[in-house]
Amino acid sequence: MKQLHRITHADESHWVGDGFPVRTLFSYNTPDAEVSPFLMLDYAGPAEFPAASKPKGVGMHPHRGFETVTILYQGEVEHHDTSGNGGLIGPGDVQWMTAAKGLLHEEMHSAAFTRQGGVFEAIQLWVNLPAKFKVVAPHYQPITSDRIPVVKLDDHGSIVRVIAGTYQGVKGPATTHTPINLWELHLLAGQSVELDFPENYTTLLFALKGSVTINNSATMNDAEIAFFERLGKTITLTALKDATLLVMNGEPIDEPIAGYGPFVMNTPEEIQQAIEDFNAGRFKS
């Protein structure tokens, strides 16, 4: 059994642009060495936005050296970048963006969501890349909800959506550069599940909503995240009330991390180069 290391939560929120009120559950700037290959987790919302004429969001900004994984729960986001890529993601959809050697992109509330207003809720997970993949060409994986396989857990409605990796032999649609399991778990009150993982993998569990007991002991509630020891292979969860959980599990990347804002590389020299390249306009194509 994997032992629980700790449960934490983020009380304070901050704005990313004017469209995303986020709580950061962990980042590469905090002493969380056990989170590799993951770098950061932001939880945006749930937040009510009134109808408006001008879309809110975050304008053109750079990334280099890692991937962003955006999962929409409520609302819509339109995105595009300086390479000509773009698209729209809605509830249940996932955008897996590999920034790699660098790009500029923007993420805004969709035109339809802006006109109508409503509740916005999303997660953005940052995933690190090994050094050999930090300089490949950027690319996107637009993963619509209908492409994400669903595994039935019981006869009461509990399910797992497999975004990446495999769950009970069912493979998710996302392609990853290192072994990663990314599952969305919907567990109804009173139901239990035992999750199996590879030995020595990093494992994190984030509760968007609901309440669960972990290994028949600790309890995790809304907007809390659980960090587990790498030893062990199984975690048992029991829902005290209906719960939606994001399961993050992956093979650690045994390389140094140097980060500065939206740039995550291996050395300070590479960070300085990223800043120089951005200032010189080399991220625009």
# chains A, B, ... in the order shown; residues from 1 in each chain; ligands from 1
>>> closest_atom_pairs(of="stretch 11-79 of chain A", to="stretch 126-138 of chain A", cutoff="9 Å", atoms="only C-alpha atoms", output="CSV")
residue,atom,partner,partner_atom,distance
A:Ser27,CA,A:Trp126,CA,8.7
A:Ser36,CA,A:Asn128,CA,7.5
A:Pro37,CA,A:Asn128,CA,5.3
A:Phe38,CA,A:Val127,CA,4.6
A:Leu39,CA,A:Trp126,CA,5.2
A:Met40,CA,A:Trp126,CA,5.0
A:Leu41,CA,A:Trp126,CA,6.4
A:Asp42,CA,A:Trp126,CA,8.7
A:Arg64,CA,A:Lys134,CA,7.4
A:Gly65,CA,A:Lys134,CA,4.5
A:Phe66,CA,A:Asn128,CA,4.7
A:Glu67,CA,A:Val127,CA,5.0
A:Thr68,CA,A:Trp126,CA,4.6
A:Val69,CA,A:Trp126,CA,6.2
A:Thr70,CA,A:Trp126,CA,8.8
>>> select_by_dssp(residues="stretch 20-252 of chain A", states="alpha helix (DSSP H)", output="PyMOL selection string")
chain A and resi 111-116
>>> write_last_selection(atoms="all heavy atoms", output="compact mmCIF listing (two decimals), in the first residue's frame")
# COMPACT_ATOMS: atom_id res chain seq x y z
N ALA A 111 -16.18 33.12 -27.33
CA ALA A 111 -17.15 34.17 -27.66
C ALA A 111 -18.52 33.83 -27.11
O ALA A 111 -19.23 34.69 -26.57
CB ALA A 111 -17.20 34.34 -29.18
N ALA A 112 -18.93 32.55 -27.22
CA ALA A 112 -20.26 32.15 -26.75
C ALA A 112 -20.35 32.28 -25.23
O ALA A 112 -21.34 32.79 -24.70
CB ALA A 112 -20.56 30.72 -27.19
N PHE A 113 -19.32 31.80 -24.51
CA PHE A 113 -19.34 31.90 -23.05
C PHE A 113 -19.33 33.36 -22.61
O PHE A 113 -19.99 33.73 -21.64
CB PHE A 113 -18.15 31.15 -22.46
CG PHE A 113 -18.10 31.17 -20.96
CD1 PHE A 113 -18.95 30.37 -20.21
CD2 PHE A 113 -17.22 32.00 -20.28
CE1 PHE A 113 -18.93 30.39 -18.81
CE2 PHE A 113 -17.18 32.03 -18.89
CZ PHE A 113 -18.04 31.22 -18.16
N THR A 114 -18.58 34.20 -23.33
CA THR A 114 -18.52 35.62 -22.99
C THR A 114 -19.91 36.26 -23.11
O THR A 114 -20.33 37.01 -22.23
CB THR A 114 -17.53 36.34 -23.92
OG1 THR A 114 -16.22 35.78 -23.73
CG2 THR A 114 -17.49 37.83 -23.62
N ARG A 115 -20.62 35.96 -24.19
CA ARG A 115 -21.95 36.55 -24.41
C ARG A 115 -22.96 36.07 -23.36
O ARG A 115 -23.80 36.84 -22.89
CB ARG A 115 -22.48 36.19 -25.80
CG ARG A 115 -21.79 36.89 -26.95
CD ARG A 115 -22.56 36.69 -28.23
NE ARG A 115 -22.75 35.28 -28.57
CZ ARG A 115 -21.91 34.57 -29.33
NH1 ARG A 115 -20.82 35.16 -29.82
NH2 ARG A 115 -22.15 33.31 -29.59
N GLN A 116 -22.88 34.79 -23.01
CA GLN A 116 -23.87 34.21 -22.12
C GLN A 116 -23.53 34.37 -20.64
O GLN A 116 -24.41 34.45 -19.79
CB GLN A 116 -24.03 32.71 -22.44
CG GLN A 116 -24.53 32.43 -23.84
CD GLN A 116 -24.37 30.97 -24.23
OE1 GLN A 116 -23.97 30.14 -23.42
NE2 GLN A 116 -24.65 30.65 -25.48
>>> residues_around(residues="stretch 77-88 of chain A", least_positions_apart="4", cutoff="7 Å", atoms="only C-alpha atoms", output="VMD selection string")
chain A and resid 103 to 110 284 to 285
>>> closest_atom_pairs(of="stretch 157-234 of chain A", to="stretch 240-246 of chain A", cutoff="12 Å", atoms="only C-alpha atoms", output="JSON lines")
{"residue": "A:Gly157", "atom": "CA", "partner": "A:Asp242", "partner_atom": "CA", "distance": 10.4}
{"residue": "A:Ser158", "atom": "CA", "partner": "A:Asp242", "partner_atom": "CA", "distance": 9.1}
{"residue": "A:Ile159", "atom": "CA", "partner": "A:Thr244", "partner_atom": "CA", "distance": 9.9}
{"residue": "A:Val160", "atom": "CA", "partner": "A:Leu245", "partner_atom": "CA", "distance": 9.4}
{"residue": "A:Arg161", "atom": "CA", "partner": "A:Leu246", "partner_atom": "CA", "distance": 9.6}
{"residue": "A:Val162", "atom": "CA", "partner": "A:Leu246", "partner_atom": "CA", "distance": 10.4}
{"residue": "A:Ile163", "atom": "CA", "partner": "A:Leu246", "partner_atom": "CA", "distance": 10.2}
{"residue": "A:Ala164", "atom": "CA", "partner": "A:Leu246", "partner_atom": "CA", "distance": 11.7}
{"residue": "A:Asn181", "atom": "CA", "partner": "A:Leu246", "partner_atom": "CA", "distance": 10.4}
{"residue": "A:Leu182", "atom": "CA", "partner": "A:Leu246", "partner_atom": "CA", "distance": 7.3}
{"residue": "A:Trp183", "atom": "CA", "partner": "A:Leu246", "partner_atom": "CA", "distance": 5.9}
{"residue": "A:Glu184", "atom": "CA", "partner": "A:Leu246", "partner_atom": "CA", "distance": 4.7}
{"residue": "A:Leu185", "atom": "CA", "partner": "A:Leu245", "partner_atom": "CA", "distance": 5.0}
{"residue": "A:His186", "atom": "CA", "partner": "A:Thr244", "partner_atom": "CA", "distance": 4.7}
{"residue": "A:Leu187", "atom": "CA", "partner": "A:Ala243", "partner_atom": "CA", "distance": 5.3}
{"residue": "A:Leu188", "atom": "CA", "partner": "A:Asp242", "partner_atom": "CA", "distance": 4.3}
{"residue": "A:Ala189", "atom": "CA", "partner": "A:Lys241", "partner_atom": "CA", "distance": 4.1}
{"residue": "A:Gly190", "atom": "CA", "partner": "A:Leu240", "partner_atom": "CA", "distance": 5.8}
{"residue": "A:Gln191", "atom": "CA", "partner": "A:Leu240", "partner_atom": "CA", "distance": 8.2}
{"residue": "A:Ser192", "atom": "CA", "partner": "A:Leu240", "partner_atom": "CA", "distance": 9.5}
{"residue": "A:Thr203", "atom": "CA", "partner": "A:Leu246", "partner_atom": "CA", "distance": 10.7}
{"residue": "A:Leu204", "atom": "CA", "partner": "A:Leu246", "partner_atom": "CA", "distance": 8.2}
{"residue": "A:Leu205", "atom": "CA", "partner": "A:Leu246", "partner_atom": "CA", "distance": 5.8}
{"residue": "A:Phe206", "atom": "CA", "partner": "A:Leu246", "partner_atom": "CA", "distance": 5.1}
{"residue": "A:Ala207", "atom": "CA", "partner": "A:Leu245", "partner_atom": "CA", "distance": 4.5}
{"residue": "A:Leu208", "atom": "CA", "partner": "A:Thr244", "partner_atom": "CA", "distance": 5.6}
{"residue": "A:Lys209", "atom": "CA", "partner": "A:Ala243", "partner_atom": "CA", "distance": 5.4}
{"residue": "A:Gly210", "atom": "CA", "partner": "A:Ala243", "partner_atom": "CA", "distance": 3.9}
{"residue": "A:Ser211", "atom": "CA", "partner": "A:Leu240", "partner_atom": "CA", "distance": 5.4}
{"residue": "A:Val212", "atom": "CA", "partner": "A:Leu240", "partner_atom": "CA", "distance": 5.3}
{"residue": "A:Thr213", "atom": "CA", "partner": "A:Leu240", "partner_atom": "CA", "distance": 7.1}
{"residue": "A:Ile214", "atom": "CA", "partner": "A:Leu240", "partner_atom": "CA", "distance": 10.7}
{"residue": "A:Asn216", "atom": "CA", "partner": "A:Leu240", "partner_atom": "CA", "distance": 11.2}
{"residue": "A:Ala218", "atom": "CA", "partner": "A:Leu240", "partner_atom": "CA", "distance": 11.8}
{"residue": "A:Thr219", "atom": "CA", "partner": "A:Leu240", "partner_atom": "CA", "distance": 8.9}
{"residue": "A:Met220", "atom": "CA", "partner": "A:Leu240", "partner_atom": "CA", "distance": 9.7}
{"residue": "A:Asn221", "atom": "CA", "partner": "A:Ala243", "partner_atom": "CA", "distance": 8.8}
{"residue": "A:Asp222", "atom": "CA", "partner": "A:Ala243", "partner_atom": "CA", "distance": 8.5}
{"residue": "A:Ala223", "atom": "CA", "partner": "A:Leu245", "partner_atom": "CA", "distance": 9.5}
{"residue": "A:Glu224", "atom": "CA", "partner": "A:Leu245", "partner_atom": "CA", "distance": 9.9}
{"residue": "A:Ile225", "atom": "CA", "partner": "A:Leu246", "partner_atom": "CA", "distance": 9.3}
{"residue": "A:Ala226", "atom": "CA", "partner": "A:Leu246", "partner_atom": "CA", "distance": 10.5}
>>> closest_residue(among="A:Tyr201, A:Ile257, A:Asp146, A:Gly281", to="A:Thr178", atoms="only C-alpha atoms")
A:Tyr201
>>> residues_around(residues="A:Arg230", least_positions_apart="6", cutoff="10 Å", atoms="only C-alpha atoms", output="list in words")
Lys2, Gln3, Leu4, His5, Glu34, Val35, Phe197, Pro198, Glu199, Asn200, Tyr201, Thr202, Thr203, Asn249, Glu251 and Pro252 of chain A
>>> residues_around(residues="A:Val170", least_positions_apart="4", cutoff="8 Å", atoms="only C-alpha atoms", output="list in words")
Pro149, Val151, Val162 and Thr166 of chain A
>>> closest_residue(among="A:Lys56, A:Val94, A:Gly102, A:Asn29", to="A:Trp15", atoms="only C-alpha atoms")
A:Lys56
>>> select_by_dssp(residues="stretch 88-279 of chain A", states="strand (DSSP E)", output="ChimeraX atom specification")
/A:88-89,94-98,103-109,118-128,139-143,150-152,159-164,166-167,170-171,180-187,192-196,202-214,218-220,224-228,234-250,258-260,263-265
>>> residues_around(residues="A:Pro142", least_positions_apart="3", cutoff="8 Å", atoms="only C-alpha atoms", output="VMD selection string")
chain A and resid 93 to 96
>>> decode(residues="stretch 227-240 of chain A", atoms="all heavy atoms", output="compact mmCIF listing (two decimals), in the first residue's frame")
# COMPACT_ATOMS: atom_id res chain seq x y z
N PHE A 227 -0.46 13.95 -1.27
CA PHE A 227 0.83 13.52 -1.78
C PHE A 227 1.16 12.17 -1.14
O PHE A 227 1.02 12.02 0.07
CB PHE A 227 1.92 14.53 -1.42
CG PHE A 227 1.71 15.91 -1.97
CD1 PHE A 227 0.83 16.79 -1.36
CD2 PHE A 227 2.40 16.34 -3.09
CE1 PHE A 227 0.64 18.07 -1.85
CE2 PHE A 227 2.22 17.62 -3.60
CZ PHE A 227 1.34 18.48 -2.97
N PHE A 228 1.63 11.22 -1.94
CA PHE A 228 1.91 9.87 -1.45
C PHE A 228 3.39 9.54 -1.55
O PHE A 228 4.11 10.09 -2.40
CB PHE A 228 1.10 8.85 -2.25
CG PHE A 228 -0.38 8.94 -2.03
CD1 PHE A 228 -1.16 9.82 -2.77
CD2 PHE A 228 -1.00 8.17 -1.06
CE1 PHE A 228 -2.52 9.92 -2.55
CE2 PHE A 228 -2.36 8.26 -0.84
CZ PHE A 228 -3.13 9.15 -1.59
N GLU A 229 3.83 8.64 -0.70
CA GLU A 229 5.19 8.11 -0.82
C GLU A 229 5.31 7.30 -2.11
O GLU A 229 4.33 6.74 -2.60
CB GLU A 229 5.51 7.21 0.39
CG GLU A 229 5.38 7.89 1.74
CD GLU A 229 6.44 8.94 1.98
OE1 GLU A 229 7.43 8.99 1.21
OE2 GLU A 229 6.27 9.72 2.95
N ARG A 230 6.51 7.23 -2.65
CA ARG A 230 6.69 6.52 -3.92
C ARG A 230 6.65 5.00 -3.74
O ARG A 230 6.26 4.28 -4.66
CB ARG A 230 7.99 6.95 -4.58
CG ARG A 230 7.90 8.37 -5.15
CD ARG A 230 9.18 8.82 -5.79
NE ARG A 230 9.03 10.16 -6.36
CZ ARG A 230 10.03 10.93 -6.74
NH1 ARG A 230 11.28 10.49 -6.60
NH2 ARG A 230 9.80 12.13 -7.25
N LEU A 231 7.05 4.50 -2.58
CA LEU A 231 7.00 3.06 -2.34
C LEU A 231 5.55 2.60 -2.23
O LEU A 231 4.68 3.34 -1.76
CB LEU A 231 7.77 2.70 -1.08
CG LEU A 231 9.28 2.92 -1.11
CD1 LEU A 231 9.89 2.58 0.25
CD2 LEU A 231 9.92 2.07 -2.20
N GLY A 232 5.31 1.37 -2.64
CA GLY A 232 3.95 0.83 -2.57
C GLY A 232 3.23 0.94 -3.90
O GLY A 232 3.62 1.72 -4.78
N LYS A 233 2.15 0.17 -4.03
CA LYS A 233 1.47 0.10 -5.32
C LYS A 233 -0.02 0.40 -5.29
O LYS A 233 -0.61 0.60 -6.35
CB LYS A 233 1.68 -1.30 -5.92
CG LYS A 233 3.12 -1.64 -6.27
CD LYS A 233 3.21 -3.00 -6.94
CE LYS A 233 4.64 -3.32 -7.35
NZ LYS A 233 4.73 -4.63 -8.06
N THR A 234 -0.65 0.38 -4.12
CA THR A 234 -2.11 0.51 -4.08
C THR A 234 -2.56 1.62 -3.14
O THR A 234 -1.89 1.94 -2.15
CB THR A 234 -2.79 -0.80 -3.64
OG1 THR A 234 -2.41 -1.10 -2.29
CG2 THR A 234 -2.42 -1.95 -4.57
N ILE A 235 -3.70 2.22 -3.50
CA ILE A 235 -4.38 3.21 -2.66
C ILE A 235 -5.86 2.84 -2.64
O ILE A 235 -6.45 2.57 -3.70
CB ILE A 235 -4.21 4.64 -3.22
CG1 ILE A 235 -2.75 5.06 -3.18
CG2 ILE A 235 -5.09 5.63 -2.44
CD1 ILE A 235 -2.47 6.36 -3.93
N THR A 236 -6.46 2.83 -1.46
CA THR A 236 -7.89 2.56 -1.33
C THR A 236 -8.62 3.85 -1.00
O THR A 236 -8.23 4.58 -0.09
CB THR A 236 -8.16 1.52 -0.23
OG1 THR A 236 -7.51 0.30 -0.57
CG2 THR A 236 -9.66 1.26 -0.10
N LEU A 237 -9.68 4.13 -1.76
CA LEU A 237 -10.49 5.33 -1.57
C LEU A 237 -11.93 4.93 -1.30
O LEU A 237 -12.47 4.04 -1.97
CB LEU A 237 -10.44 6.23 -2.80
CG LEU A 237 -9.06 6.68 -3.28
CD1 LEU A 237 -9.21 7.44 -4.59
CD2 LEU A 237 -8.39 7.55 -2.23
N THR A 238 -12.58 5.60 -0.36
CA THR A 238 -14.01 5.43 -0.09
C THR A 238 -14.65 6.80 -0.05
O THR A 238 -14.18 7.69 0.68
CB THR A 238 -14.25 4.71 1.24
OG1 THR A 238 -13.63 3.42 1.20
CG2 THR A 238 -15.75 4.53 1.48
N ALA A 239 -15.70 7.00 -0.85
CA ALA A 239 -16.36 8.30 -0.92
C ALA A 239 -17.34 8.46 0.24
O ALA A 239 -18.25 7.65 0.41
CB ALA A 239 -17.08 8.45 -2.24
N LEU A 240 -17.16 9.52 1.02
CA LEU A 240 -18.11 9.87 2.07
C LEU A 240 -19.29 10.63 1.48
O LEU A 240 -20.40 10.60 2.01
CB LEU A 240 -17.42 10.70 3.15
CG LEU A 240 -16.22 10.01 3.81
CD1 LEU A 240 -15.57 10.95 4.83
CD2 LEU A 240 -16.65 8.71 4.48
